[in-house]
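S.K.: Sharing upload-v9.csv, CSV, C-alpha atoms and all ligand atoms:
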```csv
chain,number,residue,atom,x,y,z
J,1,MET,CA,-35.4,-2.2,-20.0
J,2,LYS,CA,-37.7,-4.9,-18.5
J,3,ASN,CA,-35.0,-6.4,-16.4
J,4,ARG,CA,-34.2,-2.9,-15.0
J,5,GLU,CA,-37.7,-2.2,-13.7
J,6,LYS,CA,-37.9,-5.3,-11.6
J,7,VAL,CA,-37.7,-5.2,-7.9
J,8,TRP,CA,-35.6,-8.2,-6.9
J,9,GLY,CA,-36.7,-9.9,-3.7
J,10,ILE,CA,-33.9,-11.1,-1.4
J,11,CYS,CA,-34.0,-13.7,1.3
J,12,PHE,CA,-31.2,-13.7,3.8
J,13,ALA,CA,-30.4,-17.2,5.2
J,14,GLY,CA,-28.2,-16.2,8.2
J,15,PHE,CA,-27.6,-12.7,9.6
J,16,GLY,CA,-24.1,-12.8,11.1
J,17,ASN,CA,-21.0,-10.9,10.0
J,18,VAL,CA,-21.5,-11.4,6.3
J,19,GLY,CA,-25.3,-11.0,6.3
J,20,GLN,CA,-25.0,-7.8,8.2
J,21,GLY,CA,-22.2,-6.6,5.9
J,22,LEU,CA,-24.4,-7.2,2.8
J,23,ALA,CA,-27.5,-5.6,4.5
J,24,GLY,CA,-25.4,-2.6,5.5
J,25,ILE,CA,-24.3,-2.1,1.9
J,26,LEU,CA,-27.8,-2.6,0.5
J,27,ALA,CA,-29.2,-0.1,3.1
J,28,ASP,CA,-26.5,2.5,2.4
J,29,GLU,CA,-26.4,2.1,-1.4
J,30,GLU,CA,-30.2,1.7,-2.0
J,31,GLU,CA,-30.5,5.1,-3.8
J,32,ALA,CA,-27.3,4.6,-5.7
J,33,LEU,CA,-28.4,1.2,-6.9
J,34,ARG,CA,-31.8,2.4,-7.9
J,35,ARG,CA,-30.2,5.2,-9.9
J,36,THR,CA,-28.2,2.6,-11.8
J,37,GLY,CA,-31.5,0.8,-12.5
J,38,PHE,CA,-31.6,-1.9,-9.9
J,39,SER,CA,-34.0,-2.2,-7.0
J,40,PHE,CA,-33.8,-4.8,-4.3
J,41,GLN,CA,-36.1,-5.5,-1.4
J,42,THR,CA,-35.4,-7.8,1.5
J,43,VAL,CA,-38.5,-10.0,2.0
J,44,ALA,CA,-37.1,-12.5,4.6
J,45,VAL,CA,-34.3,-12.8,7.1
J,46,VAL,CA,-34.0,-16.2,8.8
J,47,THR,CA,-31.5,-17.1,11.5
J,48,LYS,CA,-30.8,-20.2,13.5
J,49,THR,CA,-30.7,-18.6,16.9
J,50,ARG,CA,-32.1,-15.1,16.6
J,51,GLY,CA,-35.5,-15.7,15.0
J,52,ALA,CA,-36.9,-14.8,11.6
J,53,LEU,CA,-38.7,-11.9,10.0
J,54,VAL,CA,-40.8,-12.1,6.8
J,55,ASP,CA,-42.3,-9.1,5.1
J,56,PRO,CA,-43.5,-9.3,1.5
J,57,GLU,CA,-43.6,-5.5,1.4
J,58,GLY,CA,-39.9,-5.2,2.3
J,59,ILE,CA,-37.9,-5.2,5.5
J,60,ALA,CA,-36.4,-1.9,6.5
J,61,LEU,CA,-32.7,-2.9,6.7
J,62,PRO,CA,-31.4,0.1,8.7
J,63,ASP,CA,-33.9,-0.6,11.5
J,64,LEU,CA,-33.1,-4.3,11.4
J,65,LEU,CA,-29.4,-3.6,11.6
J,66,GLU,CA,-29.9,-1.3,14.5
J,67,ARG,CA,-32.0,-3.8,16.4
J,68,VAL,CA,-29.7,-6.7,15.8
J,69,GLY,CA,-26.7,-4.4,16.8
J,70,ARG,CA,-28.5,-3.9,20.2
J,71,GLY,CA,-28.7,-7.6,20.6
J,72,ASP,CA,-32.5,-7.8,19.9
J,73,PRO,CA,-33.8,-10.8,17.9
J,74,VAL,CA,-34.3,-10.5,14.1
J,75,GLY,CA,-38.0,-11.2,14.5
J,76,GLN,CA,-40.7,-13.6,15.9
J,77,ASP,CA,-41.7,-15.3,12.7
J,78,ARG,CA,-41.6,-19.1,12.7
J,79,ILE,CA,-40.1,-20.2,9.5
J,80,GLY,CA,-37.0,-22.3,8.5
J,81,ALA,CA,-34.4,-21.1,5.9
J,82,SER,CA,-35.4,-23.6,3.2
J,83,GLU,CA,-39.1,-22.6,3.6
J,84,ALA,CA,-38.3,-18.9,3.5
J,85,ALA,CA,-36.2,-19.4,0.3
J,86,LEU,CA,-39.3,-20.6,-1.4
J,87,LEU,CA,-41.6,-17.7,-0.4
J,88,PRO,CA,-43.4,-16.2,-3.5
J,89,GLY,CA,-41.5,-12.9,-3.4
J,90,VAL,CA,-38.0,-14.4,-3.2
J,91,ASP,CA,-35.9,-14.1,-6.4
J,92,ILE,CA,-32.4,-14.4,-4.8
J,93,VAL,CA,-31.4,-16.3,-1.7
J,94,ALA,CA,-28.2,-15.1,0.1
J,95,ASP,CA,-26.8,-18.1,1.9
J,96,VAL,CA,-24.7,-16.5,4.6
J,97,THR,CA,-25.0,-19.3,7.1
J,98,PRO,CA,-21.8,-20.4,8.8
J,99,THR,CA,-19.7,-22.8,6.8
J,100,ASN,CA,-20.2,-26.5,7.7
J,101,LEU,CA,-17.6,-28.6,5.9
J,102,GLU,CA,-18.9,-31.9,7.3
J,103,ASP,CA,-22.3,-32.2,5.9
J,104,GLY,CA,-23.0,-28.7,4.4
J,105,GLY,CA,-25.4,-27.9,7.3
J,106,VAL,CA,-28.5,-25.8,6.7
J,107,GLY,CA,-26.8,-24.0,3.9
J,108,LEU,CA,-26.6,-27.1,1.6
J,109,ALA,CA,-30.3,-28.0,2.3
J,110,LEU,CA,-31.6,-24.5,1.6
J,111,THR,CA,-29.4,-24.1,-1.5
J,112,ARG,CA,-30.7,-27.4,-2.9
J,113,ALA,CA,-34.3,-26.3,-2.1
J,114,ALA,CA,-33.9,-22.8,-3.6
J,115,LEU,CA,-32.2,-24.0,-6.8
J,116,SER,CA,-34.7,-26.8,-7.3
J,117,ALA,CA,-37.4,-24.2,-7.2
J,118,GLY,CA,-35.6,-21.9,-9.7
J,119,ARG,CA,-34.4,-19.3,-7.1
J,120,HIS,CA,-31.0,-17.8,-7.6
J,121,VAL,CA,-28.5,-18.4,-4.8
J,122,VAL,CA,-25.5,-16.2,-3.9
J,123,THR,CA,-23.2,-17.3,-1.2
J,124,SER,CA,-20.1,-17.0,1.0
J,125,ASP,CA,-20.9,-20.5,2.5
J,126,LYS,CA,-18.0,-22.8,1.6
J,127,GLY,CA,-19.7,-26.0,2.8
J,128,PRO,CA,-22.1,-26.5,-0.1
J,129,ALA,CA,-19.5,-25.3,-2.6
J,130,SER,CA,-17.0,-27.9,-1.2
J,131,LEU,CA,-19.4,-30.8,-0.9
J,132,ALA,CA,-21.7,-30.4,-3.8
J,133,MET,CA,-20.4,-27.9,-6.4
J,134,ASP,CA,-21.1,-30.0,-9.5
J,135,GLU,CA,-24.5,-31.0,-8.2
J,136,LEU,CA,-25.5,-27.4,-7.4
J,137,ARG,CA,-24.3,-26.0,-10.7
J,138,ALA,CA,-26.2,-28.8,-12.6
J,139,LEU,CA,-29.3,-28.1,-10.5
J,140,ALA,CA,-29.1,-24.4,-11.3
J,141,ARG,CA,-28.7,-25.2,-15.0
J,142,LYS,CA,-31.6,-27.5,-15.0
J,143,ASN,CA,-33.9,-25.0,-13.3
J,144,ARG,CA,-32.7,-22.0,-15.2
J,145,CYS,CA,-31.3,-20.1,-12.2
J,146,THR,CA,-27.8,-19.3,-11.0
J,147,TYR,CA,-25.5,-20.4,-8.2
J,148,ARG,CA,-22.9,-17.8,-7.6
J,149,PHE,CA,-20.2,-18.1,-5.0
J,150,GLU,CA,-17.7,-15.2,-5.3
J,151,GLY,CA,-17.9,-14.7,-1.5
J,152,THR,CA,-16.3,-18.1,-0.9
J,153,VAL,CA,-12.8,-17.0,-2.0
J,154,LEU,CA,-11.0,-13.7,-1.1
J,155,SER,CA,-14.3,-12.0,0.1
J,156,GLY,CA,-15.2,-9.2,-2.3
J,157,THR,CA,-11.9,-9.1,-4.0
J,158,PRO,CA,-12.8,-10.5,-7.4
J,159,ALA,CA,-11.2,-13.9,-7.6
J,160,ILE,CA,-13.7,-16.5,-9.0
J,161,ASN,CA,-15.7,-14.1,-11.3
J,162,PHE,CA,-12.4,-12.6,-12.3
J,163,ALA,CA,-11.1,-15.9,-13.5
J,164,LEU,CA,-14.4,-17.1,-15.1
J,165,GLU,CA,-15.6,-13.9,-16.6
J,166,ALA,CA,-12.9,-11.2,-16.8
J,167,MET,CA,-10.4,-13.8,-18.0
J,168,ALA,CA,-12.9,-15.8,-20.1
J,169,GLY,CA,-11.0,-17.6,-22.9
J,170,CYS,CA,-7.8,-18.0,-20.9
J,171,SER,CA,-6.7,-21.4,-19.9
J,172,ILE,CA,-5.5,-21.4,-16.3
J,173,ARG,CA,-2.7,-23.8,-15.5
J,174,SER,CA,-2.3,-23.1,-11.8
J,175,VAL,CA,-3.2,-20.8,-9.0
J,176,GLN,CA,-1.3,-19.9,-5.9
J,177,GLY,CA,-1.5,-17.4,-3.2
J,178,ILE,CA,-2.7,-16.4,0.3
J,179,VAL,CA,-6.3,-17.1,0.6
J,180,ASN,CA,-7.1,-16.9,4.3
J,181,GLY,CA,-7.4,-13.4,6.0
J,182,THR,CA,-7.4,-14.6,9.6
J,183,THR,CA,-4.1,-16.5,9.4
J,184,ASN,CA,-2.4,-13.8,7.4
J,185,TYR,CA,-3.6,-11.3,10.0
J,186,ILE,CA,-2.3,-13.4,12.9
J,187,LEU,CA,1.1,-14.0,11.2
J,188,THR,CA,1.4,-10.2,10.6
J,189,LYS,CA,0.4,-9.3,14.1
J,190,MET,CA,2.9,-11.9,15.6
J,191,GLU,CA,5.6,-10.2,13.6
J,192,GLU,CA,4.5,-6.9,15.2
J,193,GLY,CA,4.9,-8.5,18.7
J,194,PHE,CA,1.3,-9.6,19.5
J,195,GLY,CA,0.8,-13.1,21.0
J,196,TYR,CA,-1.0,-15.7,18.9
J,197,ALA,CA,-4.1,-15.8,21.1
J,198,GLU,CA,-4.3,-12.0,21.2
J,199,ALA,CA,-4.0,-11.8,17.4
J,200,LEU,CA,-6.7,-14.5,16.9
J,201,ALA,CA,-9.1,-12.7,19.3
J,202,GLU,CA,-8.6,-9.5,17.3
J,203,ALA,CA,-9.3,-11.3,14.0
J,204,THR,CA,-12.5,-12.7,15.5
J,205,LYS,CA,-13.6,-9.3,16.7
J,206,LEU,CA,-13.0,-7.8,13.3
J,207,GLY,CA,-15.2,-10.5,11.7
J,208,TYR,CA,-12.4,-12.3,9.8
J,209,ALA,CA,-12.4,-15.6,11.6
J,210,GLU,CA,-14.8,-18.5,11.0
J,211,ALA,CA,-17.5,-19.2,13.6
J,212,ASP,CA,-15.1,-21.9,14.7
J,213,PRO,CA,-11.6,-20.4,14.1
J,214,ARG,CA,-10.0,-23.8,14.1
J,215,GLY,CA,-11.2,-23.8,10.5
J,216,ASP,CA,-8.8,-20.9,9.8
J,217,VAL,CA,-5.7,-21.8,11.9
J,218,ASP,CA,-5.7,-25.5,11.0
J,219,GLY,CA,-5.8,-24.6,7.3
J,220,TRP,CA,-9.3,-26.0,6.5
J,221,ASP,CA,-10.5,-22.7,5.2
J,222,ALA,CA,-7.6,-22.2,2.9
J,223,ALA,CA,-7.8,-25.8,1.8
J,224,VAL,CA,-11.5,-25.5,0.8
J,225,LYS,CA,-10.7,-22.4,-1.2
J,226,ALA,CA,-7.9,-24.3,-3.0
J,227,GLN,CA,-10.5,-27.0,-3.6
J,228,ILE,CA,-13.1,-24.6,-5.0
J,229,LEU,CA,-10.5,-22.9,-7.2
J,230,ALA,CA,-9.3,-26.4,-8.5
J,231,GLY,CA,-12.9,-27.2,-9.3
J,232,VAL,CA,-14.2,-24.1,-11.0
J,233,VAL,CA,-11.0,-22.4,-12.3
J,234,LEU,CA,-8.9,-25.5,-13.2
J,235,GLY,CA,-12.0,-27.6,-14.0
J,236,ALA,CA,-11.2,-30.6,-11.9
J,237,SER,CA,-13.5,-31.6,-9.0
J,238,ILE,CA,-11.4,-32.9,-6.2
J,239,PRO,CA,-12.5,-33.8,-2.7
J,240,LEU,CA,-11.4,-31.7,0.2
J,241,SER,CA,-9.7,-34.7,1.6
J,242,SER,CA,-7.2,-34.7,-1.3
J,243,VAL,CA,-5.9,-31.2,-0.5
J,244,ARG,CA,-2.7,-31.6,1.4
J,245,ARG,CA,-3.1,-29.4,4.4
J,246,THR,CA,-0.9,-27.9,7.2
J,247,GLY,CA,-2.2,-25.0,9.2
J,248,ILE,CA,-0.4,-22.4,11.4
J,249,ALA,CA,-1.4,-23.5,14.9
J,250,HIS,CA,2.2,-24.9,15.5
J,251,ILE,CA,3.9,-21.6,14.5
J,252,THR,CA,5.4,-19.7,17.4
J,253,ALA,CA,6.4,-16.1,17.8
J,254,LYS,CA,10.0,-17.4,17.9
J,255,ASP,CA,9.5,-18.9,14.4
J,256,VAL,CA,8.1,-15.7,13.1
J,257,ASN,CA,10.9,-13.6,14.6
J,258,GLU,CA,13.7,-15.9,13.4
J,259,ALA,CA,12.3,-15.8,9.9
J,260,ALA,CA,12.2,-12.0,10.1
J,261,ARG,CA,15.9,-12.0,11.2
J,262,ARG,CA,16.7,-13.9,8.0
J,263,ARG,CA,14.7,-11.3,6.1
J,264,ARG,CA,11.9,-13.8,5.4
J,265,ARG,CA,8.2,-14.0,6.3
J,266,ILE,CA,6.1,-17.1,7.0
J,267,LYS,CA,3.0,-17.1,4.9
J,268,LEU,CA,0.2,-19.7,4.6
J,269,VAL,CA,0.4,-20.5,0.9
J,270,ALA,CA,-2.4,-22.3,-1.1
J,271,ARG,CA,-1.7,-23.9,-4.5
J,272,ALA,CA,-3.8,-25.7,-7.1
J,273,GLU,CA,-2.2,-26.9,-10.3
J,274,ARG,CA,-2.7,-29.2,-13.2
J,275,THR,CA,-0.3,-32.1,-13.2
J,276,ASP,CA,0.0,-35.2,-15.5
J,277,GLY,CA,-2.1,-37.1,-12.9
J,278,GLY,CA,-4.9,-34.5,-12.8
J,279,VAL,CA,-5.1,-31.5,-10.4
J,280,SER,CA,-3.3,-31.3,-7.1
J,281,ALA,CA,-3.9,-28.9,-4.3
J,282,SER,CA,-2.1,-28.0,-1.1
J,283,VAL,CA,-2.0,-25.6,1.8
J,284,ALA,CA,1.1,-25.1,4.0
J,285,PRO,CA,3.1,-22.4,5.7
J,286,GLU,CA,6.2,-21.4,3.7
J,287,GLU,CA,9.0,-19.1,4.6
J,288,LEU,CA,9.3,-16.6,1.8
J,289,PRO,CA,12.1,-14.1,1.1
J,290,LEU,CA,11.0,-10.5,1.6
J,291,THR,CA,11.5,-10.0,-2.1
J,292,HIS,CA,8.8,-12.6,-2.9
J,293,PRO,CA,5.5,-10.8,-4.1
J,294,LEU,CA,3.5,-12.7,-1.5
J,295,ALA,CA,5.7,-11.6,1.4
J,296,SER,CA,4.4,-8.0,1.2
J,297,VAL,CA,0.8,-9.1,1.4
J,298,GLN,CA,0.1,-8.3,5.1
J,299,GLY,CA,-2.7,-8.3,7.6
J,300,VAL,CA,-6.2,-9.3,6.2
J,301,MET,CA,-5.0,-8.7,2.7
J,302,ASN,CA,-4.9,-11.8,0.4
J,303,ALA,CA,-3.4,-12.4,-3.1
J,304,LEU,CA,-3.8,-14.9,-5.9
J,305,THR,CA,-1.6,-15.4,-8.9
J,306,TYR,CA,-3.2,-17.2,-11.9
J,307,SER,CA,-0.8,-18.7,-14.4
J,308,THR,CA,-2.4,-18.7,-17.8
J,309,ASP,CA,-1.8,-19.2,-21.5
J,310,HIS,CA,-2.7,-15.9,-23.0
J,311,LEU,CA,-1.7,-13.6,-20.1
J,312,ASP,CA,1.1,-15.5,-18.5
J,313,GLN,CA,0.8,-14.5,-14.8
J,314,VAL,CA,-2.0,-12.3,-13.4
J,315,THR,CA,-2.1,-11.4,-9.8
J,316,ILE,CA,-4.9,-9.9,-7.8
J,317,THR,CA,-4.6,-8.6,-4.3
J,318,GLY,CA,-7.2,-7.3,-1.9
J,319,PRO,CA,-9.0,-8.0,1.4
J,320,GLY,CA,-9.5,-11.7,2.1
J,321,ALA,CA,-12.1,-11.4,4.8
J,322,GLY,CA,-14.4,-9.0,6.6
J,323,ARG,CA,-18.0,-8.1,7.0
J,324,ARG,CA,-18.5,-5.5,4.3
J,325,GLU,CA,-15.8,-7.0,2.2
J,326,THR,CA,-17.6,-10.3,1.9
J,327,GLY,CA,-21.0,-8.5,1.7
J,328,GLN,CA,-19.5,-6.8,-1.4
J,329,ALA,CA,-18.9,-10.3,-3.0
J,330,LEU,CA,-22.6,-11.1,-2.6
J,331,LEU,CA,-23.6,-7.7,-3.9
J,332,SER,CA,-21.5,-8.2,-7.0
J,333,ASP,CA,-23.1,-11.6,-7.6
J,334,ILE,CA,-26.6,-10.2,-7.0
J,335,LEU,CA,-25.9,-7.5,-9.6
J,336,ALA,CA,-24.5,-10.0,-12.0
J,337,ILE,CA,-27.8,-11.9,-11.7
J,338,ALA,CA,-29.9,-8.7,-12.1
J,339,ARG,CA,-27.9,-8.0,-15.3
J,340,GLY,CA,-28.5,-11.5,-16.5
J,341,ARG,CA,-24.8,-12.5,-16.6
J,342,GLU,CA,-25.0,-16.2,-15.9
J,343,ALA,CA,-23.5,-18.0,-18.9
J,344,ASN,CA,-19.9,-18.2,-17.6
J,345,HIS,CA,-21.0,-19.9,-14.5
J,346,ARG,CA,-22.2,-22.9,-16.4
J,347,PRO,CA,-19.7,-25.7,-16.2
M,1,LIG,N1,-12.3,-16.9,7.8
M,1,LIG,C1,-12.1,-16.6,6.5
M,1,LIG,C2,-10.8,-15.9,6.4
M,1,LIG,C3,-13.2,-15.7,6.0
M,1,LIG,O1,-10.2,-15.5,7.4
M,1,LIG,O2,-10.2,-15.7,5.3
M,1,LIG,C4,-13.3,-15.4,4.6
M,1,LIG,O3,-13.5,-16.5,3.8
```
Before we go any further, please render this structure as structure tokens.

M.R.:
Amino acid sequence: MKNREKVWGICFAGFGNVGQGLAGILADEEEALRRTGFSFQTVAVVTKTRGALVDPEGIALPDLLERVGRGDPVGQDRIGASEAALLPGVDIVADVTPTNLEDGGVGLALTRAALSAGRHVVTSDKGPASLAMDELRALARKNRCTYRFEGTVLSGTPAINFALEAMAGCSIRSVQGIVNGTTNYILTKMEEGFGYAEALAEATKLGYAEADPRGDVDGWDAAVKAQILAGVVLGASIPLSSVRRTGIAHITAKDVNEAARRRRRIKLVARAERTDGGVSASVAPEELPLTHPLASVQGVMNALTYSTDHLDQVTITGPGAGRRETGQALLSDILAIARGREANHRP
């Protein structure tokens, strides 16, 4: 019971779409979580442009969400994300900073700092996962803490933990599917008659798109997800540059409509598979017949099919992006840590 009496201190690094999504769930579900034996308290929220707030006694998340919703700053405290991650009351750091695929940005620095100090990290930030997955997992192992990153692929729809934990013991040969919510939403809306720019603006408003949406439409986001899946599910670390990548920016309403007339749909399909030469990964738009299982995955929904030894093919489908949806991914990782389920995340 010792684990269950603990109040877990959380530090938010970033408080944008995903951070607010997680905070909203923690605020709404506080009582329900406590009844199941888990108590969480937010002790720090640090942002790049909207200030920081530290309170060792616990920050009232409903108040904070209301203030931030009004456009007020998070707080006036002067502290950086890496420093906040090391505050005495912090057990778990939620890295919900925007993805930076070039150098990992503040997310990589704070993840290194937190794991080096034995703090658990949960994240939706694809930069550190892309640039330093092996290093971060080794750092977590060395310092007896956990690096969990369910939120990097398919938001809260179980994808990584599903493969590593629910399908433990299966050998996965390949994975393919639709892994970007924004582009799938755009392609669906274009089929409904919306213009490309209008559909992208709506995806941004709904909190699906990356801070820089070129990351979505140029295929980078799907490529990094294929890279992460190759590394953790197929067990082969490959650089992002080795993922063959084509986005959807060149696809016109005419292309979408002509495909529809042929009873087909254009989908941005990501693949990672074992080959004789190692693991190869790619992302490209494909015209699929309407009878193809991926053709019916519409809007922000995503899907992944794992090809395995013991189960043959297993397909999951669910939201691929969204504020609460990604917040749910972080909550599931936080709960896994609170329950002490770490072993399968060890490479
Ligand atoms: N921009 C991403 C998407 C967010 O649209 O899928 C979730 O990773």

S.K.: Pick from J:Ser280, J:Thr188, J:Ser124, J:Asn17: nearest to Ala236 in chain J, with all atoms listed in the file counted?

M.R.: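 Closest to Ala236 in chain J of all the choices is J:Ser280.
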
S.K.: Please extract the residues at most 6 Å from ligand LIG 1 (chain M), counting only C-alpha atoms and all ligand atoms, and provide them as a PDB file with C-alpha atoms, in the coordinates of the input, using the chain letters and residue numbers of this document.

M.R.:
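Saved as result_27.pdb:
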```pdb
ATOM      1  CA  THR J 152     -16.300 -18.100  -0.900  1.00  0.00           C
ATOM      2  CA  VAL J 153     -12.800 -17.000  -2.000  1.00  0.00           C
ATOM      3  CA  SER J 155     -14.300 -12.000   0.100  1.00  0.00           C
ATOM      4  CA  ASN J 180      -7.100 -16.900   4.300  1.00  0.00           C
ATOM      5  CA  GLY J 181      -7.400 -13.400   6.000  1.00  0.00           C
ATOM      6  CA  THR J 182      -7.400 -14.600   9.600  1.00  0.00           C
ATOM      7  CA  TYR J 208     -12.400 -12.300   9.800  1.00  0.00           C
ATOM      8  CA  ALA J 209     -12.400 -15.600  11.600  1.00  0.00           C
ATOM      9  CA  GLU J 210     -14.800 -18.500  11.000  1.00  0.00           C
ATOM     10  CA  ASP J 216      -8.800 -20.900   9.800  1.00  0.00           C
ATOM     11  CA  GLY J 320      -9.500 -11.700   2.100  1.00  0.00           C
ATOM     12  CA  ALA J 321     -12.100 -11.400   4.800  1.00  0.00           C
TER      13      ALA J 321
END
```

S.K.: Do a neighbour search on Gly24 in chain J at 9 Å with all atoms listed in the file, toss out local chain neighbours closer than 5 positions, and write the hits as a list in words.

M.R.: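 Neighbouring residues, sequence-local ones excluded: Gly19, Glu29, Leu61, Pro62, Leu65, Arg324 and Gly327 of chain J.
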
S.K.: Excluding same-chain residues fewer than 3 positions from Arg274 in chain J, what lies within 8 Å of it counting all atoms listed in the file, as JSON, numbers by chain?

M.R.: {"J": [173, 174, 234, 277, 278, 279, 280]}

S.K.: Have a look at CA of Ala223 in chain J and CA of Leu136 in chain J and let me know their distance in Å, one decimal.

M.R.: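 Interatomic distance, CA of Ala223 in chain J to CA of Leu136 in chain J: 20.0 Å.
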
S.K.: So which one's closest to Phe38 in chain J, J:Leu86, J:Cys170, J:Ala284, J:Ala338? Using only C-alpha atoms, please.

M.R.: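 Of J:Leu86, J:Cys170, J:Ala284, J:Ala338, the one nearest Phe38 in chain J, counting only C-alpha atoms, is J:Ala338.
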
S.K.: Can you pull out the residues contacting Val54 in chain J? Cut-off 10 Å, using only C-alpha atoms, and skip same-chain residues under 5 positions away; I want them as a compact mmCIF listing (two decimals) with C-alpha atoms, in the coordinates of the input.

M.R.:
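Below is the file part07.txt, written as the result:
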```
# COMPACT_ATOMS: atom_id res chain seq x y z
CA CYS J 11 -34.00 -13.70 1.30
CA THR J 42 -35.40 -7.80 1.50
CA VAL J 43 -38.50 -10.00 2.00
CA ALA J 44 -37.10 -12.50 4.60
CA VAL J 45 -34.30 -12.80 7.10
CA VAL J 46 -34.00 -16.20 8.80
CA ILE J 59 -37.90 -5.20 5.50
CA VAL J 74 -34.30 -10.50 14.10
CA GLY J 75 -38.00 -11.20 14.50
CA GLN J 76 -40.70 -13.60 15.90
CA ASP J 77 -41.70 -15.30 12.70
CA ARG J 78 -41.60 -19.10 12.70
CA ILE J 79 -40.10 -20.20 9.50
CA ALA J 84 -38.30 -18.90 3.50
CA LEU J 87 -41.60 -17.70 -0.40
```

S.K.: One number please: CA of Gly340 in chain J to CA of Glu30 in chain J, in Å, one decimal.

M.R.: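 CA of Glu30 in chain J lies 19.7 Å from CA of Gly340 in chain J.
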
S.K.: Between J:Gly69, J:Gly127, J:Gly195, J:Gly156, single out the one closest to Thr326 in chain J, counting all atoms listed in the file.

M.R.: J:Gly156

S.K.: Write out as a PDB file with C-alpha atoms, in the frame of the given file each polymer residue whose atoms come within 12 Å of Tyr147 in chain J, counting all atoms listed in the file; drop sequence neighbours fewer than 2 positions from it.

M.R.:
```pdb
ATOM      1  CA  ILE J  92     -32.400 -14.400  -4.800  1.00  0.00           C
ATOM      2  CA  VAL J  93     -31.400 -16.300  -1.700  1.00  0.00           C
ATOM      3  CA  ALA J  94     -28.200 -15.100   0.100  1.00  0.00           C
ATOM      4  CA  ASP J  95     -26.800 -18.100   1.900  1.00  0.00           C
ATOM      5  CA  LEU J 108     -26.600 -27.100   1.600  1.00  0.00           C
ATOM      6  CA  THR J 111     -29.400 -24.100  -1.500  1.00  0.00           C
ATOM      7  CA  ARG J 112     -30.700 -27.400  -2.900  1.00  0.00           C
ATOM      8  CA  ALA J 114     -33.900 -22.800  -3.600  1.00  0.00           C
ATOM      9  CA  LEU J 115     -32.200 -24.000  -6.800  1.00  0.00           C
ATOM     10  CA  SER J 116     -34.700 -26.800  -7.300  1.00  0.00           C
ATOM     11  CA  GLY J 118     -35.600 -21.900  -9.700  1.00  0.00           C
ATOM     12  CA  ARG J 119     -34.400 -19.300  -7.100  1.00  0.00           C
ATOM     13  CA  HIS J 120     -31.000 -17.800  -7.600  1.00  0.00           C
ATOM     14  CA  VAL J 121     -28.500 -18.400  -4.800  1.00  0.00           C
ATOM     15  CA  VAL J 122     -25.500 -16.200  -3.900  1.00  0.00           C
ATOM     16  CA  THR J 123     -23.200 -17.300  -1.200  1.00  0.00           C
ATOM     17  CA  SER J 124     -20.100 -17.000   1.000  1.00  0.00           C
ATOM     18  CA  ASP J 125     -20.900 -20.500   2.500  1.00  0.00           C
ATOM     19  CA  PRO J 128     -22.100 -26.500  -0.100  1.00  0.00           C
ATOM     20  CA  ALA J 129     -19.500 -25.300  -2.600  1.00  0.00           C
ATOM     21  CA  ALA J 132     -21.700 -30.400  -3.800  1.00  0.00           C
ATOM     22  CA  MET J 133     -20.400 -27.900  -6.400  1.00  0.00           C
ATOM     23  CA  ASP J 134     -21.100 -30.000  -9.500  1.00  0.00           C
ATOM     24  CA  GLU J 135     -24.500 -31.000  -8.200  1.00  0.00           C
ATOM     25  CA  LEU J 136     -25.500 -27.400  -7.400  1.00  0.00           C
ATOM     26  CA  ARG J 137     -24.300 -26.000 -10.700  1.00  0.00           C
ATOM     27  CA  ALA J 138     -26.200 -28.800 -12.600  1.00  0.00           C
ATOM     28  CA  LEU J 139     -29.300 -28.100 -10.500  1.00  0.00           C
ATOM     29  CA  ALA J 140     -29.100 -24.400 -11.300  1.00  0.00           C
ATOM     30  CA  ARG J 141     -28.700 -25.200 -15.000  1.00  0.00           C
ATOM     31  CA  LYS J 142     -31.600 -27.500 -15.000  1.00  0.00           C
ATOM     32  CA  ASN J 143     -33.900 -25.000 -13.300  1.00  0.00           C
ATOM     33  CA  ARG J 144     -32.700 -22.000 -15.200  1.00  0.00           C
ATOM     34  CA  CYS J 145     -31.300 -20.100 -12.200  1.00  0.00           C
ATOM     35  CA  PHE J 149     -20.200 -18.100  -5.000  1.00  0.00           C
ATOM     36  CA  GLU J 150     -17.700 -15.200  -5.300  1.00  0.00           C
ATOM     37  CA  GLY J 151     -17.900 -14.700  -1.500  1.00  0.00           C
ATOM     38  CA  THR J 152     -16.300 -18.100  -0.900  1.00  0.00           C
ATOM     39  CA  LEU J 330     -22.600 -11.100  -2.600  1.00  0.00           C
ATOM     40  CA  ASP J 333     -23.100 -11.600  -7.600  1.00  0.00           C
ATOM     41  CA  ILE J 334     -26.600 -10.200  -7.000  1.00  0.00           C
ATOM     42  CA  ALA J 336     -24.500 -10.000 -12.000  1.00  0.00           C
ATOM     43  CA  ILE J 337     -27.800 -11.900 -11.700  1.00  0.00           C
ATOM     44  CA  ARG J 341     -24.800 -12.500 -16.600  1.00  0.00           C
ATOM     45  CA  GLU J 342     -25.000 -16.200 -15.900  1.00  0.00           C
ATOM     46  CA  ALA J 343     -23.500 -18.000 -18.900  1.00  0.00           C
ATOM     47  CA  ASN J 344     -19.900 -18.200 -17.600  1.00  0.00           C
ATOM     48  CA  HIS J 345     -21.000 -19.900 -14.500  1.00  0.00           C
ATOM     49  CA  ARG J 346     -22.200 -22.900 -16.400  1.00  0.00           C
ATOM     50  CA  PRO J 347     -19.700 -25.700 -16.200  1.00  0.00           C
TER      51      PRO J 347
END
```

S.K.: For a cut-off of 12 Å around (2.3, -20.5, -13.2), file coordinates, pick out all residues using all atoms listed in the file and list them as a ChimeraX atom specification.

M.R.: /J:171-177,271-275,304-315
